[in-house]
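> Input entry.cif, format and content: mmCIF, C-alpha atoms.
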data_my_file
loop_
_atom_site.label_atom_id
_atom_site.label_comp_id
_atom_site.auth_asym_id
_atom_site.auth_seq_id
_atom_site.Cartn_x
_atom_site.Cartn_y
_atom_site.Cartn_z
CA MET A 1 22.38 28.28 13.53
CA THR A 2 20.06 25.31 13.36
CA ARG A 3 19.08 24.64 9.77
CA ASN A 4 15.35 24.12 10.07
CA VAL A 5 13.51 22.83 6.99
CA LEU A 6 9.89 23.06 5.91
CA LEU A 7 8.77 20.27 3.59
CA ILE A 8 5.58 20.67 1.60
CA VAL A 9 4.77 17.16 0.44
CA PRO A 10 1.03 16.53 -0.08
CA GLU A 11 1.32 12.73 -0.05
CA PHE A 12 3.56 12.48 3.03
CA PRO A 13 2.90 9.33 5.15
CA PRO A 14 0.60 7.97 6.42
CA ASN A 15 -0.75 8.77 2.96
CA ASN A 16 0.25 5.57 1.22
CA SER A 17 1.23 6.98 -2.16
CA ILE A 18 4.76 6.37 -3.42
CA GLY A 19 4.92 10.16 -3.84
CA GLY A 20 5.45 10.56 -0.10
CA ARG A 21 8.13 7.92 0.29
CA ARG A 22 11.05 9.95 -1.09
CA TRP A 23 10.63 12.80 1.34
CA ALA A 24 9.74 10.61 4.31
CA LYS A 25 13.17 9.06 3.80
CA PHE A 26 14.88 12.43 3.41
CA ALA A 27 13.08 13.68 6.52
CA LYS A 28 14.36 10.66 8.44
CA TYR A 29 17.98 11.27 7.53
CA LEU A 30 17.75 15.05 7.93
CA ALA A 31 16.40 14.45 11.44
CA LYS A 32 19.35 12.17 12.17
CA GLU A 33 21.56 15.18 11.37
CA ASN A 34 19.68 17.11 14.08
CA ILE A 35 17.83 19.24 11.54
CA GLN A 36 14.32 20.20 12.60
CA VAL A 37 11.88 19.11 9.89
CA LYS A 38 8.41 20.64 9.68
CA VAL A 39 6.02 19.15 7.14
CA ILE A 40 2.78 20.27 5.51
CA ALA A 41 0.79 17.41 3.98
CA PHE A 42 -2.71 16.41 2.96
CA LYS A 43 -4.86 14.89 5.65
CA PRO A 44 -5.14 11.16 4.78
CA SER A 45 -8.42 10.43 3.02
CA PHE A 46 -8.80 7.08 4.78
CA ILE A 47 -7.35 5.26 7.77
CA ASN A 48 -4.64 2.82 6.80
CA ASN A 49 -4.01 0.31 9.58
CA ASN A 50 -0.63 -0.69 8.18
CA PRO A 51 0.81 2.37 6.43
CA ASN A 52 4.16 2.20 4.72
CA TRP A 53 7.07 4.36 5.95
CA ILE A 54 5.34 5.49 9.15
CA ASP A 55 8.37 4.41 11.21
CA ASP A 56 10.56 6.67 9.08
CA ILE A 57 8.82 9.79 10.37
CA SER A 58 8.71 8.88 14.09
CA ASP A 59 11.77 10.98 15.02
CA ASP A 60 11.09 13.82 17.46
CA ASN A 61 12.77 16.18 15.01
CA ILE A 62 9.95 15.58 12.51
CA ASN A 63 6.64 17.36 12.99
CA VAL A 64 3.81 17.05 10.46
CA VAL A 65 0.80 19.30 9.99
CA TYR A 66 -1.98 17.50 8.11
CA LEU A 67 -4.45 19.73 6.30
CA SER A 68 -7.50 19.30 4.11
CA SER A 69 -6.77 19.59 0.38
CA HIS A 70 -10.32 20.95 -0.22
CA TYR A 71 -10.35 18.91 -3.42
CA PRO A 72 -13.88 17.85 -4.46
CA LYS A 73 -14.31 14.17 -3.57
CA ILE A 74 -16.58 13.65 -6.56
CA LEU A 75 -13.63 14.26 -8.91
CA GLU A 76 -11.87 11.24 -7.42
CA SER A 77 -14.90 9.01 -7.91
CA SER A 78 -14.72 6.09 -10.32
CA SER A 79 -18.39 5.19 -9.86
CA SER A 80 -20.26 3.86 -12.90
CA ASN A 81 -23.53 5.20 -11.54
CA ILE A 82 -25.06 7.46 -14.21
CA LEU A 83 -26.12 10.17 -11.75
CA MET A 84 -22.68 10.21 -10.09
CA ARG A 85 -20.98 10.43 -13.47
CA LEU A 86 -23.24 13.33 -14.46
CA ILE A 87 -22.51 15.21 -11.23
CA LYS A 88 -18.78 14.57 -11.72
CA LYS A 89 -18.97 15.98 -15.25
CA ILE A 90 -20.77 19.12 -14.06
CA VAL A 91 -18.25 19.65 -11.25
CA SER A 92 -15.39 19.13 -13.72
CA ILE A 93 -16.76 21.85 -15.98
CA ILE A 94 -17.16 24.25 -13.07
CA VAL A 95 -13.63 23.56 -11.76
CA SER A 96 -12.16 23.92 -15.25
CA PHE A 97 -13.86 27.28 -15.61
CA LEU A 98 -12.67 28.48 -12.20
CA ASP A 99 -9.10 27.25 -12.48
CA GLY A 100 -8.11 26.97 -16.14
CA GLY A 101 -5.50 24.32 -15.49
CA ILE A 102 -5.21 20.57 -14.99
CA ILE A 103 -8.14 19.79 -12.72
CA GLN A 104 -6.77 16.34 -11.83
CA ASP A 105 -4.12 18.09 -9.69
CA ARG A 106 -5.46 17.57 -6.16
CA ALA A 107 -3.66 20.68 -4.86
CA ILE A 108 -5.55 23.20 -7.00
CA PHE A 109 -7.68 24.38 -4.03
CA PHE A 110 -4.83 24.17 -1.51
CA ARG A 111 -3.44 27.68 -2.01
CA SER A 112 -4.81 29.63 0.95
CA THR A 113 -4.45 26.71 3.37
CA LEU A 114 -0.87 26.03 2.30
CA LEU A 115 0.26 29.68 2.41
CA LYS A 116 -1.40 30.46 5.76
CA ASN A 117 0.17 27.49 7.52
CA ALA A 118 3.55 27.80 5.78
CA ARG A 119 3.88 31.47 6.78
CA LYS A 120 3.04 30.58 10.38
CA LEU A 121 5.60 27.76 10.54
CA ILE A 122 8.33 29.83 8.89
CA ARG A 123 7.89 32.70 11.34
CA GLU A 124 7.51 30.59 14.48
CA ASN A 125 10.44 28.30 13.72
CA ASP A 126 12.85 30.71 12.02
CA ILE A 127 12.87 28.52 8.90
CA HIS A 128 15.28 29.42 6.10
CA ASN A 129 14.77 26.42 3.80
CA VAL A 130 11.55 25.36 2.12
CA ILE A 131 11.30 22.27 -0.09
CA CYS A 132 8.24 21.27 -2.11
CA SER A 133 7.86 18.04 -4.06
CA GLY A 134 5.48 17.69 -6.97
CA PRO A 135 3.25 16.32 -8.23
CA TYR A 136 0.94 17.65 -7.10
CA HIS A 137 2.59 20.43 -9.08
CA ARG A 138 0.19 23.18 -8.09
CA ALA A 139 1.60 22.94 -4.56
CA SER A 140 5.03 23.76 -6.03
CA TYR A 141 3.65 26.93 -7.59
CA TYR A 142 1.85 28.01 -4.43
CA THR A 143 5.05 27.43 -2.44
CA SER A 144 6.95 29.71 -4.82
CA LEU A 145 4.57 32.52 -3.81
CA LEU A 146 6.19 32.50 -0.35
CA LYS A 147 9.11 34.33 -1.94
CA SER A 148 7.00 37.49 -1.91
CA ASP A 149 6.81 37.44 1.90
CA PHE A 150 10.19 35.83 2.52
CA PRO A 151 12.54 36.85 -0.33
CA GLU A 152 15.58 35.42 1.48
CA ILE A 153 14.08 31.97 1.87
CA ASN A 154 16.00 29.16 0.17
CA TYR A 155 13.39 27.43 -2.00
CA ILE A 156 14.09 23.97 -3.45
CA VAL A 157 11.48 22.47 -5.77
CA ASP A 158 11.58 18.74 -6.49
CA PHE A 159 10.00 17.60 -9.75
CA ARG A 160 9.49 13.86 -9.60
CA ASP A 161 7.46 13.96 -12.83
CA ARG A 162 6.78 16.25 -15.75
CA TRP A 163 4.33 19.04 -15.13
CA ALA A 164 2.60 20.77 -18.01
CA ASP A 165 1.73 17.87 -20.33
CA GLY A 166 -0.57 16.25 -17.77
CA GLN A 167 0.76 12.73 -18.35
CA VAL A 168 1.39 12.16 -14.66
CA TYR A 169 -2.36 12.61 -14.11
CA GLY A 170 -3.20 9.93 -16.66
CA LEU A 171 -4.06 12.35 -19.45
CA ASP A 172 -3.15 11.55 -23.05
CA LYS A 173 -2.95 15.25 -23.80
CA VAL A 174 -4.14 18.61 -22.55
CA SER A 175 -5.59 21.48 -24.58
CA ASP A 176 -3.33 24.31 -25.72
CA THR A 177 -5.10 26.66 -23.31
CA VAL A 178 -4.55 24.37 -20.32
CA TYR A 179 -0.96 23.68 -21.36
CA LYS A 180 -0.13 27.39 -21.61
CA ASN A 181 -1.63 28.02 -18.18
CA GLU A 182 0.34 25.19 -16.54
CA GLU A 183 3.53 26.12 -18.40
CA ARG A 184 3.20 29.69 -17.11
CA LEU A 185 2.98 28.40 -13.54
CA GLN A 186 5.89 26.03 -14.14
CA LYS A 187 8.07 28.88 -15.48
CA TYR A 188 7.24 31.14 -12.53
CA THR A 189 8.06 28.32 -10.10
CA CYS A 190 11.42 27.66 -11.74
CA GLU A 191 12.23 31.38 -11.72
CA LYS A 192 11.54 31.71 -8.01
CA ALA A 193 13.28 28.47 -7.00
CA ASP A 194 16.86 28.63 -5.81
CA TYR A 195 17.28 25.02 -6.90
CA VAL A 196 15.23 22.71 -9.12
CA ILE A 197 15.99 19.08 -8.45
CA SER A 198 14.60 15.94 -10.05
CA THR A 199 15.08 12.20 -10.09
CA TYR A 200 14.76 12.36 -13.87
CA ASP A 201 17.64 14.16 -15.57
CA GLN A 202 15.66 14.40 -18.82
CA ILE A 203 13.13 16.66 -17.08
CA LEU A 204 15.99 18.94 -16.06
CA GLU A 205 17.38 18.96 -19.59
CA GLU A 206 13.94 19.91 -20.92
CA LEU A 207 13.58 22.74 -18.40
CA ILE A 208 17.05 24.10 -19.20
CA GLY A 209 16.06 24.06 -22.88
CA LEU A 210 12.75 25.82 -22.16
CA TYR A 211 14.33 28.51 -19.98
CA PRO A 212 17.77 29.34 -21.42
CA ASP A 213 17.87 32.66 -19.52
CA MET A 214 17.84 30.87 -16.16
CA ASP A 215 21.04 29.75 -14.47
CA LYS A 216 21.43 26.14 -15.59
CA ASN A 217 23.43 25.37 -12.44
CA LYS A 218 20.25 25.63 -10.38
CA PHE A 219 18.95 22.45 -12.09
CA ILE A 220 20.44 19.48 -10.22
CA HIS A 221 19.92 15.74 -10.73
CA PHE A 222 18.99 13.83 -7.56
CA PRO A 223 18.36 10.20 -8.56
CA HIS A 224 16.15 7.83 -6.61
CA ASN A 225 17.65 6.21 -3.53
CA TYR A 226 17.30 3.24 -1.24
CA ASP A 227 17.26 3.04 2.54
CA PRO A 228 19.60 0.36 3.98
CA ALA A 229 17.26 -0.03 6.97
CA ASP A 230 14.53 -1.45 4.71
CA TYR A 231 16.39 -4.57 3.73
CA PRO A 232 16.29 -8.05 5.25
CA ASP A 233 19.40 -10.15 5.75
CA ILE A 234 20.36 -10.32 2.12
CA LYS A 235 21.24 -13.62 0.56
CA GLU A 236 24.00 -12.74 -1.83
CA PHE A 237 23.44 -13.97 -5.35
CA ASN A 238 25.46 -16.88 -6.61
CA VAL A 239 25.43 -18.64 -9.94
CA LYS A 240 24.55 -22.11 -8.72
CA VAL A 241 21.56 -23.66 -10.43
CA SER A 242 18.41 -23.61 -8.32
CA PRO A 243 17.26 -27.12 -7.39
CA GLU A 244 13.72 -26.17 -8.35
CA LYS A 245 13.03 -23.06 -10.44
CA ILE A 246 14.68 -20.00 -11.90
CA ARG A 247 12.69 -17.35 -10.08
CA PHE A 248 11.76 -14.06 -11.77
CA ILE A 249 9.90 -11.45 -9.72
CA TYR A 250 8.14 -8.10 -10.16
CA GLY A 251 6.16 -5.97 -7.74
CA GLY A 252 4.34 -2.65 -7.91
CA THR A 253 2.30 -0.57 -10.31
CA ILE A 254 1.69 -1.93 -13.80
CA ASN A 255 0.97 1.08 -15.98
CA THR A 256 -0.31 0.90 -19.54
CA ALA A 257 3.05 1.76 -21.13
CA ALA A 258 4.89 -0.92 -19.16
CA LEU A 259 2.16 -3.44 -19.97
CA ASN A 260 2.19 -2.81 -23.71
CA ASP A 261 5.90 -2.30 -24.22
CA GLY A 262 7.29 -4.74 -21.68
CA PHE A 263 4.96 -7.25 -20.04
CA ILE A 264 3.15 -8.34 -23.20
CA PRO A 265 6.35 -9.12 -25.17
CA PHE A 266 7.80 -10.97 -22.18
CA LEU A 267 4.67 -13.05 -21.56
CA ASN A 268 4.45 -13.88 -25.26
CA ALA A 269 8.04 -15.10 -25.03
CA ILE A 270 7.09 -17.36 -22.13
CA ARG A 271 4.24 -18.79 -24.22
CA SER A 272 6.64 -19.45 -27.12
CA LEU A 273 9.02 -21.13 -24.69
CA GLN A 274 6.18 -23.36 -23.51
CA LEU A 275 5.38 -24.39 -27.09
CA ASP A 276 8.91 -24.68 -28.50
CA ARG A 277 11.16 -25.43 -25.52
CA ASN A 278 8.99 -26.96 -22.84
CA ASP A 279 12.09 -28.31 -21.12
CA LEU A 280 13.18 -24.72 -20.43
CA TYR A 281 9.64 -23.56 -19.68
CA GLN A 282 9.46 -26.08 -16.83
CA LEU A 283 12.49 -24.45 -15.20
CA ILE A 284 11.09 -20.94 -14.78
CA SER A 285 8.72 -19.25 -12.37
CA PHE A 286 7.52 -15.64 -12.59
CA GLU A 287 5.74 -13.99 -9.64
CA ILE A 288 4.00 -10.63 -10.08
CA TYR A 289 2.95 -8.76 -6.94
CA GLY A 290 0.40 -6.28 -8.22
CA SER A 291 -2.85 -6.13 -10.10
CA ASN A 292 -3.87 -5.49 -13.68
CA PHE A 293 -7.01 -6.87 -15.26
CA ARG A 294 -5.54 -6.99 -18.77
CA LEU A 295 -2.48 -8.83 -17.52
CA ASN A 296 -4.67 -11.42 -15.82
CA GLN A 297 -6.60 -11.88 -19.06
CA LEU A 298 -3.44 -12.29 -21.10
CA ILE A 299 -1.97 -14.91 -18.77
CA ASN A 300 -5.15 -16.97 -19.06
CA GLN A 301 -5.36 -16.49 -22.84
CA LEU A 302 -1.75 -17.62 -23.27
CA ASP A 303 -2.33 -20.57 -20.91
CA ILE A 304 0.83 -19.85 -18.92
CA ALA A 305 -0.70 -19.70 -15.44
CA SER A 306 1.38 -22.70 -14.43
CA CYS A 307 4.46 -20.49 -14.77
CA VAL A 308 3.23 -16.92 -14.20
CA LYS A 309 1.40 -16.05 -10.99
CA ILE A 310 -0.25 -12.72 -10.18
CA LEU A 311 -0.36 -12.27 -6.42
CA PRO A 312 -1.88 -9.50 -4.26
CA LYS A 313 0.26 -6.51 -3.43
CA VAL A 314 2.19 -6.90 -0.19
CA SER A 315 3.96 -4.42 2.03
CA GLU A 316 7.35 -3.18 0.98
CA SER A 317 9.09 -5.25 3.67
CA GLU A 318 7.26 -8.41 2.59
CA PHE A 319 8.07 -7.81 -1.06
CA TYR A 320 11.74 -7.34 -0.22
CA LYS A 321 11.71 -10.74 1.47
CA LYS A 322 10.34 -12.22 -1.75
CA VAL A 323 13.01 -10.47 -3.83
CA ASN A 324 15.62 -11.85 -1.45
CA GLU A 325 14.47 -15.36 -2.37
CA SER A 326 14.36 -14.72 -6.12
CA ASP A 327 16.99 -14.95 -8.86
CA PHE A 328 16.09 -12.09 -11.21
CA PRO A 329 14.21 -8.98 -10.02
CA MET A 330 12.54 -7.42 -13.07
CA ILE A 331 11.93 -3.94 -14.45
CA PHE A 332 9.45 -3.22 -17.26
CA LEU A 333 9.64 0.20 -18.89
CA GLY A 334 7.46 1.79 -21.54
CA LYS A 335 9.23 3.46 -24.45
CA LYS A 336 8.78 6.91 -22.94
CA TRP A 337 10.41 5.85 -19.67
CA LYS A 338 13.47 4.00 -20.95
CA ASN A 339 15.77 6.76 -19.68
CA LEU A 340 14.27 6.97 -16.18
CA LEU A 341 16.07 5.27 -13.31
CA THR A 342 12.93 4.47 -11.35
CA THR A 343 12.57 3.88 -7.63
CA LYS A 344 12.48 0.18 -8.38
CA SER A 345 15.71 0.33 -10.39
CA ILE A 346 17.54 1.67 -7.35
CA ALA A 347 15.66 -0.38 -4.73
CA TYR A 348 16.92 -3.60 -6.32
CA LEU A 349 20.60 -2.66 -6.08
CA PRO A 350 21.37 -3.76 -2.49
CA PHE A 351 20.12 -7.29 -3.19
CA ARG A 352 23.21 -7.88 -5.33
CA LYS A 353 21.18 -9.85 -7.85
CA PRO A 354 21.22 -9.45 -11.65
CA ILE A 355 18.41 -7.08 -12.64
CA LEU A 356 16.46 -8.03 -15.75
CA VAL A 357 15.24 -5.00 -17.73
CA VAL A 358 12.59 -5.46 -20.43
CA SER A 359 12.71 -2.23 -22.38
CA GLU A 360 14.07 -0.50 -25.42
CA LYS A 361 17.68 0.60 -24.96
CA GLY A 362 18.07 3.75 -22.91
CA LYS A 363 19.81 5.04 -19.80
CA VAL A 364 18.43 2.30 -17.55
CA VAL A 365 19.65 -0.47 -19.85
CA ASP A 366 22.98 1.33 -20.30
CA MET A 367 23.54 1.45 -16.55
CA VAL A 368 22.66 -2.21 -16.04
CA LEU A 369 24.86 -3.40 -18.92
CA ASN A 370 27.77 -0.98 -18.48
CA GLU A 371 28.06 -1.81 -14.79
CA SER A 372 27.47 -5.55 -15.40
CA ILE A 373 24.69 -5.72 -12.82
CA GLY A 374 22.02 -7.37 -14.94
CA TYR A 375 20.56 -8.29 -18.30
CA HIS A 376 18.54 -6.64 -21.02
CA PHE A 377 15.64 -8.13 -22.98
CA ASN A 378 14.74 -6.15 -26.08
CA PRO A 379 10.93 -6.31 -26.50
CA ASP A 380 11.42 -7.42 -30.12
CA LYS A 381 13.76 -10.24 -29.13
CA CYS A 382 12.29 -11.44 -25.85
CA TYR A 383 12.04 -15.08 -26.89
CA GLN A 384 15.65 -15.36 -28.07
CA ASN A 385 16.85 -13.46 -24.98
CA LEU A 386 14.84 -15.70 -22.64
CA VAL A 387 16.15 -18.92 -24.19
CA THR A 388 19.74 -17.67 -23.92
CA LEU A 389 19.33 -16.58 -20.28
CA VAL A 390 17.78 -19.86 -19.14
CA GLU A 391 20.42 -21.91 -20.95
CA ASP A 392 23.19 -19.77 -19.45
CA TYR A 393 21.67 -20.24 -16.00
CA LYS A 394 21.72 -24.00 -16.48
CA LYS A 395 25.44 -23.74 -17.35
CA ASN A 396 26.24 -21.56 -14.31
CA ASN A 397 27.10 -18.84 -16.81
CA ILE A 398 25.37 -15.89 -15.11
CA HIS A 399 27.64 -12.91 -14.39
CA PHE A 400 27.36 -10.11 -11.87
CA ASN A 401 29.71 -7.27 -10.88
CA PHE A 402 30.02 -7.45 -7.11
CA ASN A 403 32.28 -4.38 -7.09
CA PHE A 404 29.51 -2.03 -8.21
CA ASN A 405 29.26 0.87 -5.72
CA TYR A 406 25.55 0.72 -4.98
CA GLU A 407 26.02 2.61 -1.68
CA ALA A 408 26.31 5.84 -3.70
CA TYR A 409 22.54 5.52 -4.23
CA SER A 410 21.64 5.39 -0.52
CA TYR A 411 19.52 8.02 1.22
CA GLU A 412 22.39 8.65 3.63
CA PHE A 413 24.60 9.70 0.71
CA ALA A 414 21.84 11.73 -0.97
CA THR A 415 20.97 13.55 2.27
CA LYS A 416 24.56 14.76 2.60
CA ARG A 417 24.22 16.21 -0.94
CA LEU A 418 20.91 17.83 0.00
CA ILE A 419 22.34 19.42 3.14
CA GLN A 420 24.94 21.17 0.98
CA LEU A 421 22.08 23.06 -0.69
CA LEU A 422 20.61 24.31 2.60
CA LYS A 423 21.13 27.67 4.24
#
How does the structure come out when it is put into structure tokens?

Amino acid sequence: MTRNVLLIVPEFPPNNSIGGRRWAKFAKYLAKENIQVKVIAFKPSFINNNPNWIDDISDDNINVVYLSSHYPKILESSSSNILMRLIKKIVSIIVSFLDGGIIQDRAIFFRSTLLKNARKLIRENDIHNVICSGPYHRASYYTSLLKSDFPEINYIVDFRDRWADGQVYGLDKVSDTVYKNEERLQKYTCEKADYVISTYDQILEELIGLYPDMDKNKFIHFPHNYDPADYPDIKEFNVKVSPEKIRFIYGGTINTAALNDGFIPFLNAIRSLQLDRNDLYQLISFEIYGSNFRLNQLINQLDIASCVKILPKVSESEFYKKVNESDFPMIFLGKKWKNLLTTKSIAYLPFRKPILVVSEKGKVVDMVLNESIGYHFNPDKCYQNLVTLVEDYKKNNIHFNFNFNYEAYSYEFATKRLIQLLK
């Protein structure tokens, strides 16, 4: 029997959100195993002439159905126009009244469209496995409703982020009423799922604690992965002193938690280095591929623009080329995320370069230090840590464990694990 799979992934490419990357990669490697992959996704809201990961879904075994989310465009508006803001507020009130949940979830009006098309694909293609990845979490709940029509279906829900607290949608908090509504949907989804997987083992631990009557063996940790095909010819790290600069690099989203808990302490350390040890300051270069207005302000205020450069975001392949030419790829984690092995944490592994983590101690720091694949800067001791690292670099005293088995984090390996869960 051919093990056909239906993926319900709203942000599947050519949507350019990182939320679609994980399952584009899984789809690619499932297709290589001759598994037919059907996908339901949101219709892209704009045409991207150079979308990421589009080549990953070009296999004939992958077929995508793009559908309208029916989400009100006004709720996505960031316009400062007073009339537009007023209309947005009115629409928000109406949607809140109609739904009762987190209105920032773009799948809240996707129910009938999702179920109609999913039922059709399941019947026409004799599908026995359905996988939904959230956020958007409401899609996960709607997918669980398929169990009523197809009780024998094998349903796998993938939680990449927490659900009920609303933090993934940029909310500081949600009301008790909204929380209870979302938690009810979360519980129902977990009950109906045959497996609940997540990149974040702490989410799984929280769910097991919330639902002690559920089989804890259905909650399975699937960490982030990397795709070997994405990487350029890698220049293996060595400990010889660079003839020019010690090159630090970061690329991607700069969220508020990472800015406050990581970037700011590190940039302040660079400023102190400039004032107290200018000889060491002259040796370092830090390139940031991303954008953040506050970060730009801080760099100018600290007068460290000669060392720290903010550059426009580039494609994943271009960024990997830059990492290949660097010495220390960097990770900045807010306090709440210190235990999360992010996509970036894993994506750096094949470069065989020491990863520099600026964060409080947690599971990410433990992995980097225990496996001897990088360094840790405590936010409270960034200056001392930076001085020590630069001086060690000058002395050729940088260490790296070349025996670390990074291949265990590849999508090829993870797909074999996933296939074991399929009917």
> How would you write, as a PyMOL selection string, the residues chosen by the PyMOL selection byres ((chain A and resi 124-136) around 7) on this structure?
chain A and resi 4-9+105-107+120-123+137-140+143+153-161+422-423
> Go through the shown structure with the PyMOL selection byres ((chain A and resi 287-303) around 7) and write out the matching residues as a list in words.
Phe248, Ile249, Tyr250, Gly251, Gly252, Thr253, Ile254, Arg271, Ser285, Phe286, Ile304, Ala305, Val308, Lys309, Ile310, Leu311, Pro312 and Lys313 of chain A
> Which residues of segment 211-328 of chain A have any atom within 10 Å of an atom in segment 12-36 of chain A when counting all atoms listed in the file, and what is the closest pair of atoms for each, with the distance in Å to one decimal? Order the rows by chain and rising number and write it as a tab-separated table.

residue	atom	partner	partner_atom	distance
A:His224	CA	A:Arg22	CA	7.8
A:Asn225	CA	A:Arg22	CA	8.0
A:Tyr226	CA	A:Lys25	CA	8.7
A:Asp227	CA	A:Lys25	CA	7.4
> With all atoms of segment 193-211 of chain A from the file as input, state the centre and edge lengths in Å to one decimal of the axis-aligned box that has 6 Å extra on each side, as AutoDock Vina command-line options.

--center_x 15.2 --center_y 20.4 --center_z -14.3 --size_x 16.9 --size_y 28.4 --size_z 29.1
> Give me, as JSON, numbers by chain, all polymer residues having an atom no more than 12 Å from Asn260 of chain A, counting only C-alpha atoms and skipping those fewer than 2 positions away in the same chain.
{"A": [254, 255, 256, 257, 258, 262, 263, 264, 265, 266, 267, 268, 294, 295, 298, 332, 333, 334, 335, 336, 358, 359, 379]}
> Considering all atoms listed in the file, state which residue in the set A:Arg111, A:Arg184, A:Lys216, A:Lys361 is at the smallest distance from Tyr71 of chain A.
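Distance minimum relative to Tyr71 of chain A lands on A:Arg111.
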> Quick check, in Å to one decimal: how far apart do atom CA of Glu360 of chain A and atom CA of Asn339 of chain A lie?
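We find that atom CA of Glu360 of chain A and atom CA of Asn339 of chain A lie 9.4 Å from each other.
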> From the options A:Glu152, A:Glu391, A:Glu182, A:Asp165, which residue's atoms come nearest to Leu280 of chain A, counting all atoms listed in the file?
A:Glu391
> Evaluate the PyMOL selection byres ((chain A and resi 200-213) around 10) against this structure - the residues, as a PDB file with C-alpha atoms, keeping the file's coordinate frame, please.

ATOM      1  CA  PHE A 159      10.000  17.600  -9.750  1.00  0.00           C
ATOM      2  CA  ARG A 160       9.490  13.860  -9.600  1.00  0.00           C
ATOM      3  CA  ASP A 161       7.460  13.960 -12.830  1.00  0.00           C
ATOM      4  CA  ARG A 162       6.780  16.250 -15.750  1.00  0.00           C
ATOM      5  CA  TRP A 163       4.330  19.040 -15.130  1.00  0.00           C
ATOM      6  CA  GLU A 183       3.530  26.120 -18.400  1.00  0.00           C
ATOM      7  CA  GLN A 186       5.890  26.030 -14.140  1.00  0.00           C
ATOM      8  CA  LYS A 187       8.070  28.880 -15.480  1.00  0.00           C
ATOM      9  CA  CYS A 190      11.420  27.660 -11.740  1.00  0.00           C
ATOM     10  CA  GLU A 191      12.230  31.380 -11.720  1.00  0.00           C
ATOM     11  CA  VAL A 196      15.230  22.710  -9.120  1.00  0.00           C
ATOM     12  CA  ILE A 197      15.990  19.080  -8.450  1.00  0.00           C
ATOM     13  CA  SER A 198      14.600  15.940 -10.050  1.00  0.00           C
ATOM     14  CA  THR A 199      15.080  12.200 -10.090  1.00  0.00           C
ATOM     15  CA  MET A 214      17.840  30.870 -16.160  1.00  0.00           C
ATOM     16  CA  ASP A 215      21.040  29.750 -14.470  1.00  0.00           C
ATOM     17  CA  LYS A 216      21.430  26.140 -15.590  1.00  0.00           C
ATOM     18  CA  ASN A 217      23.430  25.370 -12.440  1.00  0.00           C
ATOM     19  CA  LYS A 218      20.250  25.630 -10.380  1.00  0.00           C
ATOM     20  CA  PHE A 219      18.950  22.450 -12.090  1.00  0.00           C
ATOM     21  CA  ILE A 220      20.440  19.480 -10.220  1.00  0.00           C
ATOM     22  CA  HIS A 221      19.920  15.740 -10.730  1.00  0.00           C
ATOM     23  CA  PHE A 222      18.990  13.830  -7.560  1.00  0.00           C
ATOM     24  CA  PRO A 223      18.360  10.200  -8.560  1.00  0.00           C
ATOM     25  CA  HIS A 224      16.150   7.830  -6.610  1.00  0.00           C
ATOM     26  CA  TRP A 337      10.410   5.850 -19.670  1.00  0.00           C
ATOM     27  CA  ASN A 339      15.770   6.760 -19.680  1.00  0.00           C
ATOM     28  CA  LEU A 340      14.270   6.970 -16.180  1.00  0.00           C
ATOM     29  CA  LEU A 341      16.070   5.270 -13.310  1.00  0.00           C
ATOM     30  CA  THR A 342      12.930   4.470 -11.350  1.00  0.00           C
TER      31      THR A 342
END
> Could you list, as an NGL selection string, every residue within 12 Å of Ile355 of chain A, counting only C-alpha atoms and ignoring same-chain residues fewer than 6 positions away?
:A and (237 or 248-250 or 323 or 326-332 or 344-349 or 364-365 or 367-369 or 371-377 or 398-401)
> Which distance in Å separates atom CA of Ile94 of chain A and atom CA of Val174 of chain A, to one decimal?
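If I compute the distance from atom CA of Ile94 of chain A to atom CA of Val174 of chain A, I get 17.1 Å.
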> Env of Glu76 of chain A: 12 Å cut, atoms = only C-alpha atoms, seq-sep filter 6 positions within chain, self excluded. Answer as a tab-separated table (two decimals) with C-alpha atoms, in the frame of the given file.

chain	number	residue	atom	x	y	z
A	45	SER	CA	-8.42	10.43	3.02
A	84	MET	CA	-22.68	10.21	-10.09
A	85	ARG	CA	-20.98	10.43	-13.47
A	87	ILE	CA	-22.51	15.21	-11.23
A	88	LYS	CA	-18.78	14.57	-11.72
A	89	LYS	CA	-18.97	15.98	-15.25
A	91	VAL	CA	-18.25	19.65	-11.25
A	92	SER	CA	-15.39	19.13	-13.72
A	103	ILE	CA	-8.14	19.79	-12.72
A	104	GLN	CA	-6.77	16.34	-11.83
A	105	ASP	CA	-4.12	18.09	-9.69
A	106	ARG	CA	-5.46	17.57	-6.16
A	169	TYR	CA	-2.36	12.61	-14.11
> How far is it from atom CA of Lys73 of chain A to atom CA of Thr343 of chain A, in Å with one decimal?
29.1 Å
> Restricting the calculation to only C-alpha atoms, which member of A:Phe319, A:Tyr66, A:Tyr281, A:Phe404 is positioned closest to Val390 of chain A?
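Nearest to Val390 of chain A: A:Tyr281.
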